[in-house]
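Colleague: Below is the file data20.cif, with mmCIF, N, CA and C atoms.
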```cif
data_model
loop_
_atom_site.label_atom_id
_atom_site.label_comp_id
_atom_site.auth_asym_id
_atom_site.auth_seq_id
_atom_site.Cartn_x
_atom_site.Cartn_y
_atom_site.Cartn_z
N MET A 1360 -36.55 30.89 -20.16
CA MET A 1360 -36.68 29.84 -19.18
C MET A 1360 -38.12 29.83 -18.65
N SER A 1361 -38.62 28.67 -18.40
CA SER A 1361 -40.00 28.52 -17.96
C SER A 1361 -40.12 28.78 -16.46
N ARG A 1362 -41.23 29.37 -16.07
CA ARG A 1362 -41.49 29.60 -14.65
C ARG A 1362 -42.27 28.46 -14.03
N ALA A 1363 -42.60 27.44 -14.81
CA ALA A 1363 -43.44 26.35 -14.32
C ALA A 1363 -42.83 25.61 -13.13
N PRO A 1364 -41.55 25.20 -13.17
CA PRO A 1364 -41.00 24.48 -12.01
C PRO A 1364 -40.98 25.34 -10.74
N GLY A 1365 -40.72 26.62 -10.90
CA GLY A 1365 -40.72 27.52 -9.75
C GLY A 1365 -42.10 27.67 -9.14
N ASN A 1366 -43.10 27.81 -10.00
CA ASN A 1366 -44.47 27.92 -9.50
C ASN A 1366 -44.91 26.64 -8.81
N LEU A 1367 -44.56 25.51 -9.39
CA LEU A 1367 -44.92 24.23 -8.80
C LEU A 1367 -44.25 24.06 -7.44
N ARG A 1368 -42.97 24.37 -7.36
CA ARG A 1368 -42.23 24.23 -6.10
C ARG A 1368 -42.74 25.21 -5.04
N GLU A 1369 -42.95 26.45 -5.43
CA GLU A 1369 -43.44 27.45 -4.48
C GLU A 1369 -44.85 27.12 -3.98
N GLY A 1370 -45.70 26.64 -4.87
CA GLY A 1370 -47.03 26.24 -4.47
C GLY A 1370 -47.02 25.09 -3.49
N ALA A 1371 -46.12 24.13 -3.70
CA ALA A 1371 -46.02 23.00 -2.78
C ALA A 1371 -45.54 23.46 -1.40
N VAL A 1372 -44.60 24.40 -1.35
CA VAL A 1372 -44.10 24.90 -0.06
C VAL A 1372 -45.19 25.68 0.67
N VAL A 1373 -45.92 26.52 -0.05
CA VAL A 1373 -46.99 27.29 0.58
C VAL A 1373 -48.10 26.35 1.07
N PHE A 1374 -48.42 25.33 0.28
CA PHE A 1374 -49.41 24.35 0.71
C PHE A 1374 -48.96 23.64 1.98
N ALA A 1375 -47.71 23.23 2.03
CA ALA A 1375 -47.19 22.52 3.21
C ALA A 1375 -47.19 23.43 4.45
N ALA A 1376 -46.84 24.70 4.28
CA ALA A 1376 -46.87 25.63 5.41
C ALA A 1376 -48.30 25.84 5.90
N GLY A 1377 -49.24 25.96 4.98
CA GLY A 1377 -50.64 26.09 5.37
C GLY A 1377 -51.17 24.85 6.07
N LEU A 1378 -50.75 23.69 5.60
CA LEU A 1378 -51.16 22.43 6.24
C LEU A 1378 -50.61 22.36 7.66
N ALA A 1379 -49.37 22.78 7.84
CA ALA A 1379 -48.78 22.78 9.19
C ALA A 1379 -49.53 23.74 10.12
N LEU A 1380 -49.88 24.92 9.63
CA LEU A 1380 -50.66 25.85 10.44
C LEU A 1380 -52.02 25.26 10.79
N TRP A 1381 -52.67 24.67 9.82
CA TRP A 1381 -54.00 24.12 10.05
C TRP A 1381 -53.97 22.98 11.06
N LEU A 1382 -52.93 22.16 11.00
CA LEU A 1382 -52.86 21.00 11.89
C LEU A 1382 -52.37 21.34 13.29
N PHE A 1383 -51.40 22.24 13.41
CA PHE A 1383 -50.69 22.40 14.67
C PHE A 1383 -50.87 23.75 15.36
N ALA A 1384 -51.54 24.71 14.75
CA ALA A 1384 -51.65 26.03 15.35
C ALA A 1384 -53.03 26.30 15.92
N GLY A 1385 -53.78 25.27 16.24
CA GLY A 1385 -55.13 25.47 16.75
C GLY A 1385 -55.18 26.09 18.13
N ASP A 1386 -54.16 25.82 18.94
CA ASP A 1386 -54.15 26.33 20.32
C ASP A 1386 -53.46 27.68 20.47
N VAL A 1387 -52.85 28.18 19.41
CA VAL A 1387 -52.13 29.45 19.46
C VAL A 1387 -53.11 30.59 19.24
N GLU A 1388 -53.06 31.57 20.13
CA GLU A 1388 -53.96 32.72 20.02
C GLU A 1388 -53.19 33.95 19.56
N VAL A 1389 -53.62 34.50 18.44
CA VAL A 1389 -53.06 35.72 17.90
C VAL A 1389 -54.21 36.71 17.77
N PRO A 1390 -54.07 37.94 18.30
CA PRO A 1390 -55.17 38.89 18.23
C PRO A 1390 -55.57 39.22 16.79
N GLY A 1391 -56.83 39.03 16.49
CA GLY A 1391 -57.38 39.42 15.20
C GLY A 1391 -57.23 38.39 14.10
N VAL A 1392 -56.54 37.28 14.36
CA VAL A 1392 -56.30 36.30 13.31
C VAL A 1392 -56.51 34.90 13.88
N THR A 1393 -57.17 34.05 13.14
CA THR A 1393 -57.29 32.65 13.50
C THR A 1393 -56.32 31.88 12.60
N LEU A 1394 -55.28 31.30 13.20
CA LEU A 1394 -54.23 30.68 12.41
C LEU A 1394 -54.70 29.46 11.63
N THR A 1395 -55.71 28.77 12.13
CA THR A 1395 -56.21 27.63 11.36
C THR A 1395 -56.88 28.10 10.07
N LYS A 1396 -57.58 29.24 10.12
CA LYS A 1396 -58.19 29.78 8.91
C LYS A 1396 -57.13 30.30 7.94
N VAL A 1397 -56.09 30.90 8.47
CA VAL A 1397 -54.98 31.34 7.63
C VAL A 1397 -54.34 30.13 6.94
N GLY A 1398 -54.24 29.02 7.68
CA GLY A 1398 -53.70 27.81 7.09
C GLY A 1398 -54.54 27.29 5.95
N VAL A 1399 -55.85 27.34 6.09
CA VAL A 1399 -56.74 26.89 5.02
C VAL A 1399 -56.59 27.79 3.79
N VAL A 1400 -56.50 29.07 4.00
CA VAL A 1400 -56.31 30.00 2.87
C VAL A 1400 -54.98 29.73 2.19
N MET A 1401 -53.93 29.51 2.98
CA MET A 1401 -52.63 29.22 2.39
C MET A 1401 -52.64 27.91 1.60
N MET A 1402 -53.38 26.91 2.10
CA MET A 1402 -53.48 25.66 1.35
C MET A 1402 -54.20 25.88 0.03
N CYS A 1403 -55.23 26.69 0.01
CA CYS A 1403 -55.95 26.97 -1.24
C CYS A 1403 -55.06 27.71 -2.24
N VAL A 1404 -54.36 28.72 -1.76
CA VAL A 1404 -53.48 29.49 -2.64
C VAL A 1404 -52.33 28.63 -3.14
N GLY A 1405 -51.71 27.87 -2.24
CA GLY A 1405 -50.60 27.01 -2.64
C GLY A 1405 -51.03 25.93 -3.61
N GLY A 1406 -52.20 25.36 -3.38
CA GLY A 1406 -52.72 24.35 -4.31
C GLY A 1406 -52.99 24.93 -5.68
N ALA A 1407 -53.57 26.12 -5.71
CA ALA A 1407 -53.84 26.77 -7.00
C ALA A 1407 -52.55 27.11 -7.73
N GLN A 1408 -51.55 27.55 -7.00
CA GLN A 1408 -50.27 27.88 -7.62
C GLN A 1408 -49.56 26.62 -8.13
N ALA A 1409 -49.64 25.54 -7.37
CA ALA A 1409 -49.04 24.28 -7.81
C ALA A 1409 -49.75 23.75 -9.07
N VAL A 1410 -51.06 23.86 -9.10
CA VAL A 1410 -51.80 23.42 -10.28
C VAL A 1410 -51.44 24.28 -11.48
N ALA A 1411 -51.30 25.58 -11.27
CA ALA A 1411 -50.91 26.48 -12.36
C ALA A 1411 -49.51 26.12 -12.87
N GLY A 1412 -48.59 25.81 -11.98
CA GLY A 1412 -47.25 25.41 -12.40
C GLY A 1412 -47.27 24.11 -13.17
N ALA A 1413 -48.07 23.16 -12.72
CA ALA A 1413 -48.19 21.89 -13.44
C ALA A 1413 -48.82 22.11 -14.81
N TRP A 1414 -49.81 22.98 -14.88
CA TRP A 1414 -50.47 23.29 -16.15
C TRP A 1414 -49.48 23.94 -17.11
N GLN A 1415 -48.70 24.90 -16.62
CA GLN A 1415 -47.71 25.56 -17.45
C GLN A 1415 -46.66 24.57 -17.97
N GLY A 1416 -46.25 23.67 -17.10
CA GLY A 1416 -45.27 22.67 -17.51
C GLY A 1416 -45.83 21.71 -18.55
N ALA A 1417 -47.07 21.32 -18.40
CA ALA A 1417 -47.70 20.41 -19.36
C ALA A 1417 -47.93 21.10 -20.70
N ARG A 1418 -48.30 22.34 -20.68
CA ARG A 1418 -48.54 23.06 -21.94
C ARG A 1418 -47.24 23.30 -22.69
N ARG A 1419 -46.16 23.48 -21.96
CA ARG A 1419 -44.86 23.75 -22.61
C ARG A 1419 -44.35 22.52 -23.34
N ARG A 1420 -44.62 21.33 -22.81
CA ARG A 1420 -44.11 20.10 -23.41
C ARG A 1420 -44.81 19.72 -24.70
N THR A 1421 -46.05 20.18 -24.87
CA THR A 1421 -46.78 19.78 -26.07
C THR A 1421 -46.50 20.70 -27.24
#
```
What would the structure in this file look like if it were written as structure tokens?
Modeller:
Amino acid sequence: MSRAPGNLREGAVVFAAGLALWLFAGDVEVPGVTLTKVGVVMMCVGGAQAVAGAWQGARRRT
């Protein structure tokens, strides 16, 4: 079974969670961590994972 749909789905969820942090957690203070920066990192990781899942799915079909 291919892992492509799982990677694509998981990447989209991580991207959405990072986007929510970036947009709505600007006023929340956590010691040692800036939640907006964590959100940006999560968006980058989620986007990369979603692209990898899409790439895996496209390569499998050909």
Colleague: So which one's closest to Val1404 in chain A, A:Val1373, A:Arg1368, A:Ser1361, A:Gly1385? Using all atoms listed in the file, please.
Modeller: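 For Val1404 in chain A, the nearest of the given residues is A:Val1373.
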Colleague: For each of A:Leu1380, A:Arg1418, A:Ala1413, A:Gly1406, take the minimum atom-to-atom distance to Ala1363 in chain A, counting only N, CA and C atoms, then give the residue where this is smallest.
Modeller: A:Ala1413
Colleague: On this file, the PyMOL selection byres ((chain A and resi 1412) around 7) gives some set of residues; write that set as a list in words.
Modeller: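 Applied to this file, the PyMOL selection byres ((chain A and resi 1412) around 7) returns Arg1362, Ala1363, Pro1364, Gly1365, Asn1366, Leu1367, Arg1368, Ala1407, Gln1408, Ala1409, Val1410, Ala1411, Ala1413, Trp1414, Gln1415, Gly1416 and Ala1417 of chain A.
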Colleague: If you run DSSP over the backbone, which residues in chain A end up helix (DSSP H, G or I)? Put them as a VMD selection string.
Modeller: chain A and resid 1363 to 1383 1394 to 1420
Colleague: I need the residues from that last selection saved to file as a compact mmCIF listing (two decimals), in the coordinates of the input (with N, CA and C atoms), if you can.
Modeller:
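Output below, filename result15.txt:
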```
# COMPACT_ATOMS: atom_id res chain seq x y z
N ALA A 1363 -42.60 27.44 -14.81
CA ALA A 1363 -43.44 26.35 -14.32
C ALA A 1363 -42.83 25.61 -13.13
N PRO A 1364 -41.55 25.20 -13.17
CA PRO A 1364 -41.00 24.48 -12.01
C PRO A 1364 -40.98 25.34 -10.74
N GLY A 1365 -40.72 26.62 -10.90
CA GLY A 1365 -40.72 27.52 -9.75
C GLY A 1365 -42.10 27.67 -9.14
N ASN A 1366 -43.10 27.81 -10.00
CA ASN A 1366 -44.47 27.92 -9.50
C ASN A 1366 -44.91 26.64 -8.81
N LEU A 1367 -44.56 25.51 -9.39
CA LEU A 1367 -44.92 24.23 -8.80
C LEU A 1367 -44.25 24.06 -7.44
N ARG A 1368 -42.97 24.37 -7.36
CA ARG A 1368 -42.23 24.23 -6.10
C ARG A 1368 -42.74 25.21 -5.04
N GLU A 1369 -42.95 26.45 -5.43
CA GLU A 1369 -43.44 27.45 -4.48
C GLU A 1369 -44.85 27.12 -3.98
N GLY A 1370 -45.70 26.64 -4.87
CA GLY A 1370 -47.03 26.24 -4.47
C GLY A 1370 -47.02 25.09 -3.49
N ALA A 1371 -46.12 24.13 -3.70
CA ALA A 1371 -46.02 23.00 -2.78
C ALA A 1371 -45.54 23.46 -1.40
N VAL A 1372 -44.60 24.40 -1.35
CA VAL A 1372 -44.10 24.90 -0.06
C VAL A 1372 -45.19 25.68 0.67
N VAL A 1373 -45.92 26.52 -0.05
CA VAL A 1373 -46.99 27.29 0.58
C VAL A 1373 -48.10 26.35 1.07
N PHE A 1374 -48.42 25.33 0.28
CA PHE A 1374 -49.41 24.35 0.71
C PHE A 1374 -48.96 23.64 1.98
N ALA A 1375 -47.71 23.23 2.03
CA ALA A 1375 -47.19 22.52 3.21
C ALA A 1375 -47.19 23.43 4.45
N ALA A 1376 -46.84 24.70 4.28
CA ALA A 1376 -46.87 25.63 5.41
C ALA A 1376 -48.30 25.84 5.90
N GLY A 1377 -49.24 25.96 4.98
CA GLY A 1377 -50.64 26.09 5.37
C GLY A 1377 -51.17 24.85 6.07
N LEU A 1378 -50.75 23.69 5.60
CA LEU A 1378 -51.16 22.43 6.24
C LEU A 1378 -50.61 22.36 7.66
N ALA A 1379 -49.37 22.78 7.84
CA ALA A 1379 -48.78 22.78 9.19
C ALA A 1379 -49.53 23.74 10.12
N LEU A 1380 -49.88 24.92 9.63
CA LEU A 1380 -50.66 25.85 10.44
C LEU A 1380 -52.02 25.26 10.79
N TRP A 1381 -52.67 24.67 9.82
CA TRP A 1381 -54.00 24.12 10.05
C TRP A 1381 -53.97 22.98 11.06
N LEU A 1382 -52.93 22.16 11.00
CA LEU A 1382 -52.86 21.00 11.89
C LEU A 1382 -52.37 21.34 13.29
N PHE A 1383 -51.40 22.24 13.41
CA PHE A 1383 -50.69 22.40 14.67
C PHE A 1383 -50.87 23.75 15.36
N LEU A 1394 -55.28 31.30 13.20
CA LEU A 1394 -54.23 30.68 12.41
C LEU A 1394 -54.70 29.46 11.63
N THR A 1395 -55.71 28.77 12.13
CA THR A 1395 -56.21 27.63 11.36
C THR A 1395 -56.88 28.10 10.07
N LYS A 1396 -57.58 29.24 10.12
CA LYS A 1396 -58.19 29.78 8.91
C LYS A 1396 -57.13 30.30 7.94
N VAL A 1397 -56.09 30.90 8.47
CA VAL A 1397 -54.98 31.34 7.63
C VAL A 1397 -54.34 30.13 6.94
N GLY A 1398 -54.24 29.02 7.68
CA GLY A 1398 -53.70 27.81 7.09
C GLY A 1398 -54.54 27.29 5.95
N VAL A 1399 -55.85 27.34 6.09
CA VAL A 1399 -56.74 26.89 5.02
C VAL A 1399 -56.59 27.79 3.79
N VAL A 1400 -56.50 29.07 4.00
CA VAL A 1400 -56.31 30.00 2.87
C VAL A 1400 -54.98 29.73 2.19
N MET A 1401 -53.93 29.51 2.98
CA MET A 1401 -52.63 29.22 2.39
C MET A 1401 -52.64 27.91 1.60
N MET A 1402 -53.38 26.91 2.10
CA MET A 1402 -53.48 25.66 1.35
C MET A 1402 -54.20 25.88 0.03
N CYS A 1403 -55.23 26.69 0.01
CA CYS A 1403 -55.95 26.97 -1.24
C CYS A 1403 -55.06 27.71 -2.24
N VAL A 1404 -54.36 28.72 -1.76
CA VAL A 1404 -53.48 29.49 -2.64
C VAL A 1404 -52.33 28.63 -3.14
N GLY A 1405 -51.71 27.87 -2.24
CA GLY A 1405 -50.60 27.01 -2.64
C GLY A 1405 -51.03 25.93 -3.61
N GLY A 1406 -52.20 25.36 -3.38
CA GLY A 1406 -52.72 24.35 -4.31
C GLY A 1406 -52.99 24.93 -5.68
N ALA A 1407 -53.57 26.12 -5.71
CA ALA A 1407 -53.84 26.77 -7.00
C ALA A 1407 -52.55 27.11 -7.73
N GLN A 1408 -51.55 27.55 -7.00
CA GLN A 1408 -50.27 27.88 -7.62
C GLN A 1408 -49.56 26.62 -8.13
N ALA A 1409 -49.64 25.54 -7.37
CA ALA A 1409 -49.04 24.28 -7.81
C ALA A 1409 -49.75 23.75 -9.07
N VAL A 1410 -51.06 23.86 -9.10
CA VAL A 1410 -51.80 23.42 -10.28
C VAL A 1410 -51.44 24.28 -11.48
N ALA A 1411 -51.30 25.58 -11.27
CA ALA A 1411 -50.91 26.48 -12.36
C ALA A 1411 -49.51 26.12 -12.87
N GLY A 1412 -48.59 25.81 -11.98
CA GLY A 1412 -47.25 25.41 -12.40
C GLY A 1412 -47.27 24.11 -13.17
N ALA A 1413 -48.07 23.16 -12.72
CA ALA A 1413 -48.19 21.89 -13.44
C ALA A 1413 -48.82 22.11 -14.81
N TRP A 1414 -49.81 22.98 -14.88
CA TRP A 1414 -50.47 23.29 -16.15
C TRP A 1414 -49.48 23.94 -17.11
N GLN A 1415 -48.70 24.90 -16.62
CA GLN A 1415 -47.71 25.56 -17.45
C GLN A 1415 -46.66 24.57 -17.97
N GLY A 1416 -46.25 23.67 -17.10
CA GLY A 1416 -45.27 22.67 -17.51
C GLY A 1416 -45.83 21.71 -18.55
N ALA A 1417 -47.07 21.32 -18.40
CA ALA A 1417 -47.70 20.41 -19.36
C ALA A 1417 -47.93 21.10 -20.70
N ARG A 1418 -48.30 22.34 -20.68
CA ARG A 1418 -48.54 23.06 -21.94
C ARG A 1418 -47.24 23.30 -22.69
N ARG A 1419 -46.16 23.48 -21.96
CA ARG A 1419 -44.86 23.75 -22.61
C ARG A 1419 -44.35 22.52 -23.34
N ARG A 1420 -44.62 21.33 -22.81
CA ARG A 1420 -44.11 20.10 -23.41
C ARG A 1420 -44.81 19.72 -24.70
```
Colleague: May I ask for the distance between atom C of Met1401 in chain A and CA of Glu1369 in chain A, given in Å to one decimal place?
Modeller: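 Computed distance, atom C of Met1401 in chain A to CA of Glu1369 in chain A, equals 11.0 Å.
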Colleague: Skipping near chain neighbours, those fewer than 4 positions away, what residues fall within 6.5 Å of range 1390-1398 of chain A using only N, CA and C atoms, listed as a list in words?
Modeller: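 Counting only N, CA and C atoms, the residues come to Ala1376, Gly1377, Leu1378, Leu1380, Trp1381, Leu1382, Ala1384, Gly1385, Met1402 and Cys1403 of chain A.
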Colleague: When you draw a straight line from atom C of Ala1379 in chain A to atom C of Val1399 in chain A, how long is it in Å?
Modeller: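 Distance between the two atoms: 10.3 Å.
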Colleague: Please measure the separation of atom N of Val1400 in chain A and CA of Glu1388 in chain A, giving the value in Å to one decimal.
Modeller: 16.6 Å
